[in-house]
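Dropping work.tsv in here (TSV, C-alpha atoms):
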chain	number	residue	atom	x	y	z
A	100	MET	CA	11.08	14.50	-13.51
A	101	TYR	CA	8.26	13.86	-15.99
A	102	ASN	CA	5.78	12.55	-13.40
A	103	PHE	CA	6.08	15.54	-11.09
A	104	GLN	CA	5.02	17.85	-13.94
A	105	ILE	CA	1.59	16.22	-13.68
A	106	LEU	CA	1.15	17.81	-10.24
A	107	LYS	CA	0.92	21.23	-11.93
A	108	LYS	CA	-1.75	19.95	-14.30
A	109	GLU	CA	-3.71	18.21	-11.52
A	110	PRO	CA	-3.89	20.68	-8.59
A	111	LYS	CA	-6.50	18.67	-6.68
A	112	TYR	CA	-4.41	15.53	-6.88
A	113	GLN	CA	-1.45	17.64	-5.69
A	114	ILE	CA	-3.27	18.07	-2.36
A	115	ILE	CA	-3.82	14.31	-2.12
A	116	PHE	CA	-0.19	13.67	-3.04
A	117	TRP	CA	1.43	15.87	-0.40
A	118	SER	CA	-1.00	14.92	2.36
A	119	SER	CA	-0.24	11.26	1.60
A	120	VAL	CA	3.49	11.94	1.75
A	121	LEU	CA	3.10	13.48	5.22
A	122	ASN	CA	0.82	10.66	6.29
A	123	GLY	CA	3.23	8.04	4.99
A	124	ILE	CA	6.43	9.53	6.43
A	125	GLY	CA	4.83	9.82	9.86
A	126	GLY	CA	3.62	6.25	9.60
A	127	ARG	CA	7.12	5.04	8.71
A	128	PHE	CA	8.59	6.93	11.66
A	129	ALA	CA	6.17	5.11	13.93
A	130	GLN	CA	6.83	1.79	12.21
A	131	VAL	CA	10.59	2.04	12.66
A	132	GLY	CA	10.11	2.95	16.32
A	133	SER	CA	7.57	0.17	16.89
A	134	PHE	CA	9.65	-2.53	15.19
A	135	ALA	CA	12.82	-1.53	17.01
A	136	LEU	CA	11.03	-1.33	20.38
A	137	LEU	CA	9.33	-4.69	19.94
A	138	TYR	CA	12.50	-6.43	18.83
A	139	LEU	CA	14.47	-5.00	21.75
A	140	LEU	CA	11.86	-6.18	24.25
A	141	THR	CA	11.20	-9.63	22.78
A	142	GLU	CA	13.87	-10.50	20.15
A	143	SER	CA	11.12	-12.62	18.60
A	144	GLY	CA	10.31	-12.98	14.94
A	145	ALA	CA	6.85	-14.24	15.92
A	146	ALA	CA	6.14	-11.04	17.91
A	147	LEU	CA	7.30	-8.98	14.93
A	148	GLY	CA	5.03	-10.95	12.62
A	149	LEU	CA	2.08	-10.37	14.97
A	150	LEU	CA	2.71	-6.61	15.04
A	151	MET	CA	2.87	-6.46	11.26
A	152	ALA	CA	-0.31	-8.53	11.03
A	153	LEU	CA	-2.05	-5.89	13.15
A	154	LEU	CA	-1.07	-3.33	10.52
A	155	VAL	CA	-3.23	-5.11	7.95
A	156	LEU	CA	-5.87	-6.93	10.02
A	157	PRO	CA	-8.23	-3.90	10.28
A	158	THR	CA	-8.60	-3.87	6.50
A	159	ILE	CA	-10.51	-7.13	6.77
A	160	ILE	CA	-13.08	-5.36	8.97
A	161	PHE	CA	-13.19	-1.80	7.69
A	162	ALA	CA	-12.12	-1.68	4.02
A	163	PRO	CA	-15.39	-2.84	2.39
A	164	ILE	CA	-17.42	-0.61	4.74
A	165	SER	CA	-15.24	2.42	4.07
A	166	GLY	CA	-15.36	1.77	0.34
A	167	TYR	CA	-19.15	1.64	0.46
A	168	LEU	CA	-19.21	4.95	2.37
A	169	ALA	CA	-16.81	6.46	-0.17
A	170	ASP	CA	-19.36	5.75	-2.90
A	171	ARG	CA	-22.04	7.70	-1.01
A	172	PHE	CA	-20.45	10.49	1.01
A	173	TYR	CA	-17.91	13.29	0.58
A	174	LYS	CA	-14.64	11.48	0.03
A	175	ALA	CA	-12.43	14.43	1.00
A	176	LYS	CA	-14.16	14.78	4.37
A	177	LEU	CA	-13.70	11.08	5.06
A	178	LEU	CA	-9.97	11.50	4.38
A	179	PHE	CA	-9.83	14.57	6.63
A	180	TRP	CA	-11.43	12.87	9.63
A	181	THR	CA	-9.41	9.65	9.37
A	182	ASP	CA	-6.18	11.68	9.64
A	183	LEU	CA	-7.38	14.04	12.35
A	184	LEU	CA	-8.85	11.38	14.67
A	185	ARG	CA	-5.78	9.16	14.49
A	186	ALA	CA	-3.35	11.85	15.68
A	187	PRO	CA	-3.91	11.37	19.48
A	188	PHE	CA	-3.52	7.58	19.20
A	189	ALA	CA	-0.18	8.06	17.42
A	190	LEU	CA	1.23	9.19	20.78
A	191	LEU	CA	0.17	6.03	22.62
A	192	PRO	CA	3.44	4.11	21.94
A	193	ILE	CA	5.29	6.69	24.08
A	194	TRP	CA	3.44	5.29	27.06
A	195	ALA	CA	4.37	1.78	25.90
A	196	THR	CA	8.08	2.68	25.82
A	197	MET	CA	7.88	4.01	29.40
A	198	THR	CA	5.94	1.09	30.87
A	199	GLU	CA	7.19	-1.69	28.56
A	200	GLU	CA	3.54	-2.70	28.13
A	201	LEU	CA	3.39	-4.36	24.72
A	202	GLY	CA	-0.40	-4.29	24.81
A	203	LEU	CA	-0.35	-0.49	24.40
A	204	LEU	CA	1.89	-0.81	21.36
A	205	TYR	CA	-0.41	-3.40	19.81
A	206	LEU	CA	-3.47	-1.25	20.59
A	207	SER	CA	-1.96	1.84	18.99
A	208	THR	CA	-0.94	-0.15	15.92
A	209	PHE	CA	-4.45	-1.54	15.53
A	210	ILE	CA	-6.19	1.85	15.85
A	211	ILE	CA	-3.80	3.60	13.45
A	212	ALA	CA	-4.16	0.74	10.96
A	213	SER	CA	-7.95	0.89	11.29
A	214	GLY	CA	-7.85	4.51	10.16
A	215	GLN	CA	-5.58	3.54	7.27
A	216	ALA	CA	-8.02	0.80	6.27
A	217	ILE	CA	-10.68	3.48	5.87
A	218	TYR	CA	-8.27	5.96	4.26
A	219	ASN	CA	-6.95	3.76	1.42
A	220	PRO	CA	-10.18	2.76	-0.41
A	221	VAL	CA	-11.49	6.34	-0.13
A	222	ARG	CA	-8.24	7.73	-1.48
A	223	PHE	CA	-8.15	5.24	-4.36
A	224	SER	CA	-11.75	6.03	-5.33
A	225	ILE	CA	-11.29	9.82	-5.29
A	226	ILE	CA	-8.28	9.85	-7.65
A	227	PRO	CA	-10.20	9.01	-10.87
A	228	ASP	CA	-12.79	11.66	-9.85
A	229	ILE	CA	-10.22	14.47	-9.74
A	230	VAL	CA	-7.68	13.34	-12.37
A	231	GLU	CA	-8.07	13.35	-16.15
A	232	LYS	CA	-8.23	9.81	-17.51
A	233	ARG	CA	-5.25	10.34	-19.84
A	234	ASN	CA	-3.11	11.23	-16.81
A	235	LEU	CA	-3.96	8.13	-14.73
A	236	VAL	CA	-0.79	6.20	-15.67
A	237	SER	CA	1.41	9.15	-14.73
A	238	VAL	CA	-0.50	9.65	-11.49
A	239	ASN	CA	-0.07	5.96	-10.62
A	240	GLY	CA	3.63	6.47	-11.23
A	241	LEU	CA	3.49	9.27	-8.66
A	242	GLU	CA	1.70	6.86	-6.32
A	243	GLN	CA	4.82	4.69	-6.38
A	244	ASN	CA	6.83	7.84	-5.65
A	245	ILE	CA	4.74	8.32	-2.53
A	246	VAL	CA	5.57	4.78	-1.43
A	247	GLY	CA	9.23	5.36	-2.25
A	248	ILE	CA	9.50	8.80	-0.65
A	249	THR	CA	7.87	7.62	2.56
A	250	LEU	CA	10.15	4.60	2.68
A	251	VAL	CA	13.31	6.59	1.95
A	252	PHE	CA	12.68	9.63	4.15
A	253	GLY	CA	10.41	7.97	6.70
A	254	SER	CA	12.47	4.85	7.27
A	255	LEU	CA	15.96	6.31	6.85
A	256	LEU	CA	15.29	9.43	8.93
A	257	GLY	CA	13.35	7.31	11.39
A	258	GLY	CA	16.30	4.97	11.77
A	259	ILE	CA	18.72	7.89	12.19
A	260	ILE	CA	16.49	9.61	14.77
A	261	ALA	CA	16.10	6.37	16.72
A	262	PHE	CA	19.88	5.87	16.55
A	263	ILE	CA	20.92	9.35	17.77
A	264	SER	CA	17.92	10.23	19.95
A	265	ASN	CA	15.04	8.19	21.38
A	266	MET	CA	11.88	6.60	20.08
A	267	HIS	CA	9.58	9.17	21.68
A	268	VAL	CA	10.49	11.70	19.00
A	269	LEU	CA	9.36	9.34	16.22
A	270	PHE	CA	5.86	9.02	17.65
A	271	ILE	CA	5.55	12.78	18.24
A	272	PHE	CA	6.46	13.40	14.59
A	273	HIS	CA	3.86	10.85	13.53
A	274	ALA	CA	1.08	12.68	15.37
A	275	ALA	CA	2.22	16.05	14.02
A	276	PHE	CA	2.34	14.81	10.42
A	277	LEU	CA	-1.16	13.37	10.68
A	278	MET	CA	-2.39	16.79	11.80
A	279	LEU	CA	-0.60	18.52	8.90
A	280	ALA	CA	-2.03	16.00	6.42
A	281	ALA	CA	-5.53	16.70	7.74
A	282	ILE	CA	-4.99	20.46	7.31
A	283	LEU	CA	-4.01	19.94	3.67
A	284	ILE	CA	-7.01	17.72	2.95
A	285	TRP	CA	-9.32	20.31	4.51
A	286	ARG	CA	-8.62	22.52	1.46
A	287	LEU	CA	-9.98	19.78	-0.78
A	288	THR	CA	-13.21	19.52	1.23
A	289	LYS	CA	-13.99	23.08	0.11
A	290	SER	CA	-13.67	22.24	-3.59
A	291	ASN	CA	-16.55	21.47	-5.94
A	292	THR	CA	-15.21	17.96	-6.51
A	293	ALA	CA	-15.96	16.89	-2.97
A	294	LYS	CA	-19.60	17.96	-3.40
A	295	SER	CA	-20.21	16.77	-6.94
A	296	SER	CA	-18.80	13.30	-6.40
A	297	LYS	CA	-21.63	12.58	-3.98
A	298	MET	CA	-24.30	13.72	-6.44
A	299	GLU	CA	-22.89	11.63	-9.27
A	300	VAL	CA	-23.02	8.34	-7.38
A	301	ALA	CA	-25.58	5.93	-8.78
A	302	GLU	CA	-27.85	4.25	-6.26
A	303	SER	CA	-27.09	0.58	-5.87
A	304	SER	CA	-27.55	-1.91	-3.12
A	305	LEU	CA	-24.72	-3.33	-1.05
A	306	LYS	CA	-26.00	-6.81	-1.80
A	307	LYS	CA	-25.66	-6.32	-5.58
A	308	SER	CA	-22.19	-4.82	-5.24
A	309	ARG	CA	-20.95	-7.87	-3.35
A	310	PHE	CA	-21.59	-10.16	-6.29
A	311	LEU	CA	-19.92	-8.00	-8.95
A	312	ILE	CA	-16.49	-9.53	-8.39
A	313	VAL	CA	-17.93	-13.03	-8.81
A	314	ARG	CA	-19.96	-12.15	-11.94
A	315	VAL	CA	-17.20	-10.38	-13.91
A	316	ALA	CA	-14.36	-12.67	-15.09
A	317	LEU	CA	-11.68	-9.95	-15.13
A	318	LEU	CA	-12.48	-8.96	-11.55
A	319	ARG	CA	-12.29	-12.61	-10.51
A	320	VAL	CA	-8.74	-12.76	-11.83
A	321	PHE	CA	-7.80	-9.56	-10.01
A	322	LEU	CA	-9.29	-11.11	-6.87
A	323	MET	CA	-6.98	-14.08	-7.41
A	324	VAL	CA	-4.02	-11.70	-7.70
A	325	MET	CA	-5.09	-9.88	-4.52
A	326	LEU	CA	-5.36	-13.17	-2.64
A	327	LEU	CA	-2.12	-14.81	-3.78
A	328	MET	CA	0.42	-11.98	-4.12
A	329	PRO	CA	0.16	-10.84	-0.47
A	330	LEU	CA	1.08	-14.36	0.66
A	331	ALA	CA	4.55	-13.62	-0.69
A	332	ASN	CA	4.48	-9.86	0.09
A	333	GLY	CA	3.64	-10.49	3.74
A	334	VAL	CA	6.67	-12.74	4.17
A	335	ASP	CA	8.73	-10.04	2.39
A	336	ASN	CA	7.94	-7.48	5.05
A	337	VAL	CA	9.19	-9.69	7.85
A	338	ILE	CA	12.26	-10.89	5.92
A	339	PHE	CA	13.64	-7.42	5.18
A	340	ASN	CA	13.51	-6.47	8.86
A	341	LEU	CA	15.28	-9.67	9.90
A	342	ILE	CA	17.93	-9.36	7.18
A	343	ALA	CA	18.96	-6.03	8.72
A	344	LEU	CA	18.59	-7.11	12.35
A	345	GLU	CA	19.73	-10.76	12.34
A	346	VAL	CA	21.66	-11.61	9.17
A	347	PHE	CA	23.85	-8.48	9.09
A	348	ASP	CA	23.35	-7.21	12.68
A	349	LYS	CA	22.82	-3.55	11.66
A	350	GLY	CA	20.26	-2.62	14.33
A	351	ASP	CA	17.88	0.38	14.02
A	352	LEU	CA	20.04	2.08	11.40
A	353	GLY	CA	20.08	-1.09	9.30
A	354	VAL	CA	16.27	-1.26	9.32
A	355	GLY	CA	16.17	2.36	8.17
A	356	LEU	CA	18.70	1.70	5.41
A	357	ILE	CA	16.97	-1.37	4.02
A	358	TYR	CA	13.59	0.36	3.96
A	359	SER	CA	15.24	3.32	2.24
A	360	ALA	CA	16.58	0.95	-0.42
A	361	LEU	CA	13.07	-0.41	-0.90
A	362	GLY	CA	11.83	3.17	-1.27
A	363	ILE	CA	14.45	4.04	-3.88
A	364	GLY	CA	13.24	1.10	-5.96
A	365	PHE	CA	9.65	2.38	-5.87
A	366	VAL	CA	10.77	5.90	-6.85
A	367	LEU	CA	12.82	4.55	-9.76
A	368	SER	CA	9.87	2.46	-10.97
A	369	SER	CA	7.92	5.65	-11.65
A	370	THR	CA	10.56	6.86	-14.13
A	371	ILE	CA	9.50	4.34	-16.76
A	372	VAL	CA	5.84	5.45	-16.78
A	373	LYS	CA	6.21	7.45	-20.00
A	374	TRP	CA	7.10	4.24	-21.84
A	375	ILE	CA	4.08	2.32	-20.57
A	376	ARG	CA	1.17	2.98	-22.89
A	377	ARG	CA	-0.59	-0.36	-23.14
A	378	LYS	CA	-0.26	-4.08	-22.36
A	379	TYR	CA	-0.45	-3.14	-18.68
A	380	ILE	CA	-1.38	-6.64	-17.53
A	381	ALA	CA	1.35	-8.40	-19.55
A	382	ILE	CA	3.97	-6.00	-18.17
A	383	GLY	CA	2.62	-6.35	-14.63
A	384	VAL	CA	2.85	-10.15	-14.72
A	385	ALA	CA	6.36	-10.04	-16.23
A	386	MET	CA	7.50	-7.80	-13.38
A	387	ILE	CA	6.22	-10.32	-10.80
A	388	LEU	CA	8.40	-12.93	-12.50
A	389	LEU	CA	11.44	-10.64	-12.18
A	390	GLU	CA	10.54	-9.92	-8.57
A	391	GLY	CA	10.82	-13.64	-7.87
A	392	ALA	CA	14.24	-13.74	-9.54
A	393	GLY	CA	15.33	-10.82	-7.34
A	394	HIS	CA	14.41	-12.71	-4.18
A	395	ILE	CA	16.34	-15.77	-5.28
A	396	LEU	CA	19.40	-13.56	-5.78
A	397	LEU	CA	18.76	-11.92	-2.40
A	398	SER	CA	18.93	-15.33	-0.74
A	399	GLN	CA	22.58	-15.55	-1.86
A	400	SER	CA	23.65	-12.22	-0.30
A	401	PHE	CA	27.01	-12.15	1.48
A	402	PHE	CA	27.23	-8.41	2.15
A	403	PHE	CA	24.72	-5.88	3.45
A	404	ILE	CA	25.31	-3.55	0.49
A	405	GLN	CA	24.49	-6.46	-1.82
A	406	ALA	CA	21.18	-6.96	0.00
A	407	LEU	CA	20.45	-3.23	-0.32
A	408	ALA	CA	21.05	-3.28	-4.08
A	409	LEU	CA	18.77	-6.29	-4.52
A	410	ALA	CA	16.10	-4.63	-2.36
A	411	ILE	CA	16.15	-1.72	-4.83
A	412	LEU	CA	15.78	-4.14	-7.76
A	413	ILE	CA	12.89	-6.01	-6.12
A	414	THR	CA	10.81	-2.90	-5.45
A	415	PHE	CA	11.72	-1.39	-8.82
A	416	VAL	CA	10.03	-4.24	-10.70
A	417	GLY	CA	7.34	-4.56	-8.02
A	418	GLY	CA	6.51	-0.87	-8.39
A	419	ILE	CA	6.10	-1.24	-12.16
A	420	SER	CA	3.70	-4.13	-11.54
A	421	ASN	CA	1.69	-1.98	-9.10
A	422	ILE	CA	1.48	0.90	-11.58
A	423	CYS	CA	0.14	-1.39	-14.30
A	424	PHE	CA	-2.47	-3.18	-12.18
A	425	ASP	CA	-3.67	0.00	-10.41
A	426	THR	CA	-4.09	1.78	-13.74
A	427	VAL	CA	-6.20	-1.07	-15.09
A	428	LEU	CA	-8.41	-1.08	-11.98
A	429	MET	CA	-8.90	2.70	-12.04
A	430	LYS	CA	-9.94	2.50	-15.68
A	431	ILE	CA	-12.31	-0.47	-15.48
A	432	LEU	CA	-14.03	-0.13	-12.10
A	433	PRO	CA	-17.41	1.64	-12.43
A	434	ALA	CA	-17.39	5.03	-10.71
A	435	SER	CA	-20.57	4.33	-8.76
A	436	LYS	CA	-19.02	1.27	-7.11
A	437	ARG	CA	-15.31	2.04	-7.25
A	438	GLY	CA	-14.87	2.60	-3.52
A	439	PHE	CA	-16.71	-0.54	-2.47
A	440	LEU	CA	-15.04	-2.77	-5.05
A	441	PHE	CA	-11.55	-1.54	-4.23
A	442	GLY	CA	-12.33	-1.85	-0.53
A	443	THR	CA	-13.45	-5.44	-1.02
A	444	LEU	CA	-10.36	-6.30	-3.05
A	445	SER	CA	-8.22	-4.66	-0.35
A	446	MET	CA	-9.98	-6.76	2.28
A	447	PHE	CA	-8.97	-9.98	0.54
A	448	GLN	CA	-5.48	-8.62	-0.15
A	449	ASN	CA	-4.82	-7.68	3.45
A	450	SER	CA	-6.43	-10.83	4.82
A	451	SER	CA	-3.86	-12.84	2.87
A	452	MET	CA	-1.07	-10.51	3.95
A	453	GLY	CA	-2.05	-10.77	7.62
A	454	ILE	CA	-2.00	-14.56	7.43
A	455	ALA	CA	1.35	-14.45	5.63
A	456	MET	CA	2.89	-12.10	8.21
A	457	ILE	CA	1.84	-14.29	11.11
A	458	GLY	CA	3.09	-17.36	9.27
A	459	ALA	CA	6.35	-15.62	8.36
A	460	GLY	CA	7.02	-14.81	11.99
A	461	PHE	CA	6.83	-18.49	12.89
A	462	LEU	CA	8.56	-19.61	9.67
A	463	THR	CA	11.62	-17.48	10.46
A	464	GLU	CA	11.86	-19.22	13.84
A	465	TRP	CA	12.64	-22.41	11.87
A	466	LEU	CA	14.34	-21.15	8.71
A	467	PRO	CA	17.01	-18.43	8.36
A	468	PRO	CA	15.77	-15.25	6.64
A	469	LEU	CA	17.86	-15.84	3.50
A	470	GLN	CA	16.45	-19.34	3.01
A	471	THR	CA	12.97	-17.92	3.45
A	472	SER	CA	13.78	-15.34	0.77
A	473	PHE	CA	14.61	-18.16	-1.65
A	474	LEU	CA	11.22	-19.78	-1.00
A	475	VAL	CA	9.50	-16.42	-1.58
A	476	GLY	CA	11.32	-16.03	-4.90
A	477	VAL	CA	10.17	-19.43	-6.12
A	478	THR	CA	6.62	-18.56	-5.00
A	479	TYR	CA	6.64	-15.29	-6.98
A	480	ILE	CA	7.73	-17.12	-10.12
A	481	ALA	CA	5.02	-19.76	-9.68
A	482	PHE	CA	2.37	-17.06	-9.17
A	483	ALA	CA	3.52	-15.14	-12.26
A	484	LEU	CA	3.18	-18.25	-14.44
A	485	ALA	CA	-0.28	-18.93	-13.01
A	486	PHE	CA	-1.43	-15.32	-13.59
A	487	MET	CA	-0.15	-15.47	-17.15
A	488	LEU	CA	-2.36	-18.47	-17.91
A	489	VAL	CA	-5.46	-17.14	-16.14
A	490	PHE	CA	-5.36	-13.66	-17.69
A	491	ARG	CA	-5.06	-15.23	-21.15
A	492	SER	CA	-8.27	-17.17	-20.53
A	493	VAL	CA	-10.31	-14.00	-19.85
A	494	ASN	CA	-12.49	-12.34	-22.49
A	495	PHE	CA	-11.58	-8.73	-21.73
A	496	ARG	CA	-14.18	-7.12	-23.99
A	497	THR	CA	-17.05	-9.00	-22.34
A	498	SER	CA	-15.84	-8.04	-18.86
A	499	ILE	CA	-15.43	-4.35	-19.79
A	500	ARG	CA	-18.93	-4.25	-21.33
A	501	LYS	CA	-20.45	-5.68	-18.15
A	502	LEU	CA	-18.67	-3.09	-16.01
A	503	LYS	CA	-19.61	-0.17	-18.27
A	504	ARG	CA	-23.29	-1.14	-18.14
A	505	LEU	CA	-23.22	-0.72	-14.36
A	506	ASP	CA	-22.54	3.03	-14.67
A	507	ILE	CA	-25.19	3.47	-17.34
A	508	LYS	CA	-27.96	1.96	-15.20

Encoded form (structure tokens):
Amino acid sequence: MYNFQILKKEPKYQIIFWSSVLNGIGGRFAQVGSFALLYLLTESGAALGLLMALLVLPTIIFAPISGYLADRFYKAKLLFWTDLLRAPFALLPIWATMTEELGLLYLSTFIIASGQAIYNPVRFSIIPDIVEKRNLVSVNGLEQNIVGITLVFGSLLGGIIAFISNMHVLFIFHAAFLMLAAILIWRLTKSNTAKSSKMEVAESSLKKSRFLIVRVALLRVFLMVMLLMPLANGVDNVIFNLIALEVFDKGDLGVGLIYSALGIGFVLSSTIVKWIRRKYIAIGVAMILLEGAGHILLSQSFFFIQALALAILITFVGGISNICFDTVLMKILPASKRGFLFGTLSMFQNSSMGIAMIGAGFLTEWLPPLQTSFLVGVTYIAFALAFMLVFRSVNFRTSIRKLKRLDIK
């Protein structure tokens, strides 16, 4: 595949790629086990929504801080320690399965997600430091492969393991994969990139960085996207679980299958990268529109295989949208403030997603999952039309000039 050839050209990114795959697969194992355990103990959509909210809530607290640290310290070492220190807490759900204490499950989820909230902005900010600019689109295609691979192998294998064995094995694998990911990243801490990135950071105050998003029109629009899109995405995450568990009664294996279908869509989205050369924003917005259409079709599903096919379609177009928007952000964000700005955007993104997940849990107590999917589809279409209008109102050249001046100072 064209994208995977980039790994040979970008050996430092190759380390990031494979460590992220291990990290992601382990996380999906734990997610499948946690969702299945919680649903078996409570059979509550609200409890499921609360657990998923805990997956994103720590970003509100830690993402801007971690992004600020990423702009000033060795990024590779930050990645190493966030993986290593989370490994013991990955085993905590085993105790929860033995005692049926949901508090332990919630605690483990929060701690693991807190580490991920630190990990993501640092990881995003290190990629443009170690990858040639002309390869960023291809690398962002590989980023969707990571999402897809972790969904396919993590969720499907996790569902199979839970089906034929017990949930303890899933959490043991999660801890082991975190350790392996940390070992891989340790190699990157010895490279010159990890040292030079610290020296190249321009001194700037936290106070000034906070106001950048407000001062630059293009960043304000991306902030709008980060605030609104997760309102629909958060409901998505709850819906897909309930479609497998409630609508089609497929149990643990069904959850694994539907997440695998979502993963296949993300992997397929990376195959079109070689045809994306410009008009990233226009393509990204168009894909959101198609994502909404996919959800409307999903709401009319009569068979589980039909839902799986539509899940592939939804993440296929969603993955293309992610590739386009991430590439634009990597290109326009000033290097000296990339970590903080991405962390701040992630904070708003995950705040919205957390609210949406909690709301989705209660919403599905009143509306069937397929009806909820229809509402999500309409919401996606409305958002796409709004983004189209707002992006057209932005003077891109003025925004880019403002951002470039920040790195010159």

(message) Ranking A:Met446, A:Val493, A:Leu330, A:Ile411 by minimum distance to Ile217 in chain A and counting all atoms listed in the file, which one comes first?
(response)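 Nearest candidate to Ile217 in chain A out of A:Met446, A:Val493, A:Leu330, A:Ile411: A:Met446.
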
(request) Go through A:Met386, A:Val221, A:Ile480, A:Leu150 and flag the residue nearest Gly438 in chain A, using all atoms listed in the file for the distances. (result) A:Val221

(request) Compare A:Leu356, A:Met151, A:Val477, A:Ala195 by their minimum atom-to-atom distance to Phe403 in chain A, counting all atoms listed in the file, and give me the closest one. (result)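 Counting all atoms listed in the file, the residue closest to Phe403 in chain A is A:Leu356.
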
(message) I need the residue nearest Lys176 in chain A from this list: A:Tyr218, A:Val324, A:Val354, A:Val337. Use all atoms listed in the file for the distance.
(response)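 Comparing A:Tyr218, A:Val324, A:Val354, A:Val337 against Lys176 in chain A, the winner is A:Tyr218.
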
(request) Might you pull out every residue within 10 Å of range 273-290 of chain A, with all atoms listed in the file counted and same-chain residues fewer than 3 positions away left off, and present them as a ChimeraX atom specification? (result) /A:110-130,173-191,253,268-270,293-295

(request) Using all atoms listed in the file, collect all residues at a distance of at most 8 Å from (-16.3, -1.8, -17.0) as written in the file, then present them as a PyMOL selection string. (result) chain A and resi 430-433+498-505

(request) Could you check which of A:Ile193, A:Met429, A:Met266, A:Ile338 is closest to Ile226 in chain A, using only C-alpha atoms? (result)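 Smallest distance to Ile226 in chain A is found for A:Met429.
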
(request) Could you tell me which of A:Ser472, A:Asn234, A:Thr426, A:Asn336 comes closest to Ile380 in chain A if we count all atoms listed in the file? (result) A:Thr426

(message) Please compute the CA of Leu139 in chain A-CA of Pro329 in chain A distance, one decimal, in Å.
(response)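 Computed distance, CA of Leu139 in chain A to CA of Pro329 in chain A, equals 27.1 Å.
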
(request) Extract, using all atoms listed in the file, all DNA, RNA and protein residues at most 9 Å from Ile105 in chain A, discarding same-chain residues fewer than 3 positions from it, and format them as number ranges by chain. (result) A: 101-102, 108-110, 113, 234, 237-238, 241

(message) With all atoms listed in the file as the counted atoms, please give the residues lying no more than 10 Å from Phe321 in chain A, apart from itself and same-chain residues fewer than 4 positions off, as a list in words.
(response) Ile312, Ala316, Leu317, Met325, Leu326, Leu327, Phe424, Leu428, Leu444, Phe486 and Phe490 of chain A

(message) Just want the 12 Å neighbourhood of Ala483 in chain A, counted on all atoms listed in the file, with same-chain residues fewer than 5 positions away dropped. Output as a PyMOL selection string.
(response) chain A and resi 323-324+327-328+331+380-392+420+476-478+488-490

(request) One decimal, Å: what's the distance from CA of Thr158 in chain A over to CA of Gly257 in chain A, could you say? (result)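 Taking CA of Thr158 in chain A and CA of Gly257 in chain A, their separation equals 25.1 Å.
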
Centre and edge lengths of an axis-aligned box around all listed atoms of range 248-258 of chain A, with 4 Å added on each side, are to be given in Å to one decimal, as AutoDock Vina command-line options.
--center_x 12.1 --center_y 7.1 --center_z 5.6 --size_x 16.4 --size_y 13.0 --size_z 20.4
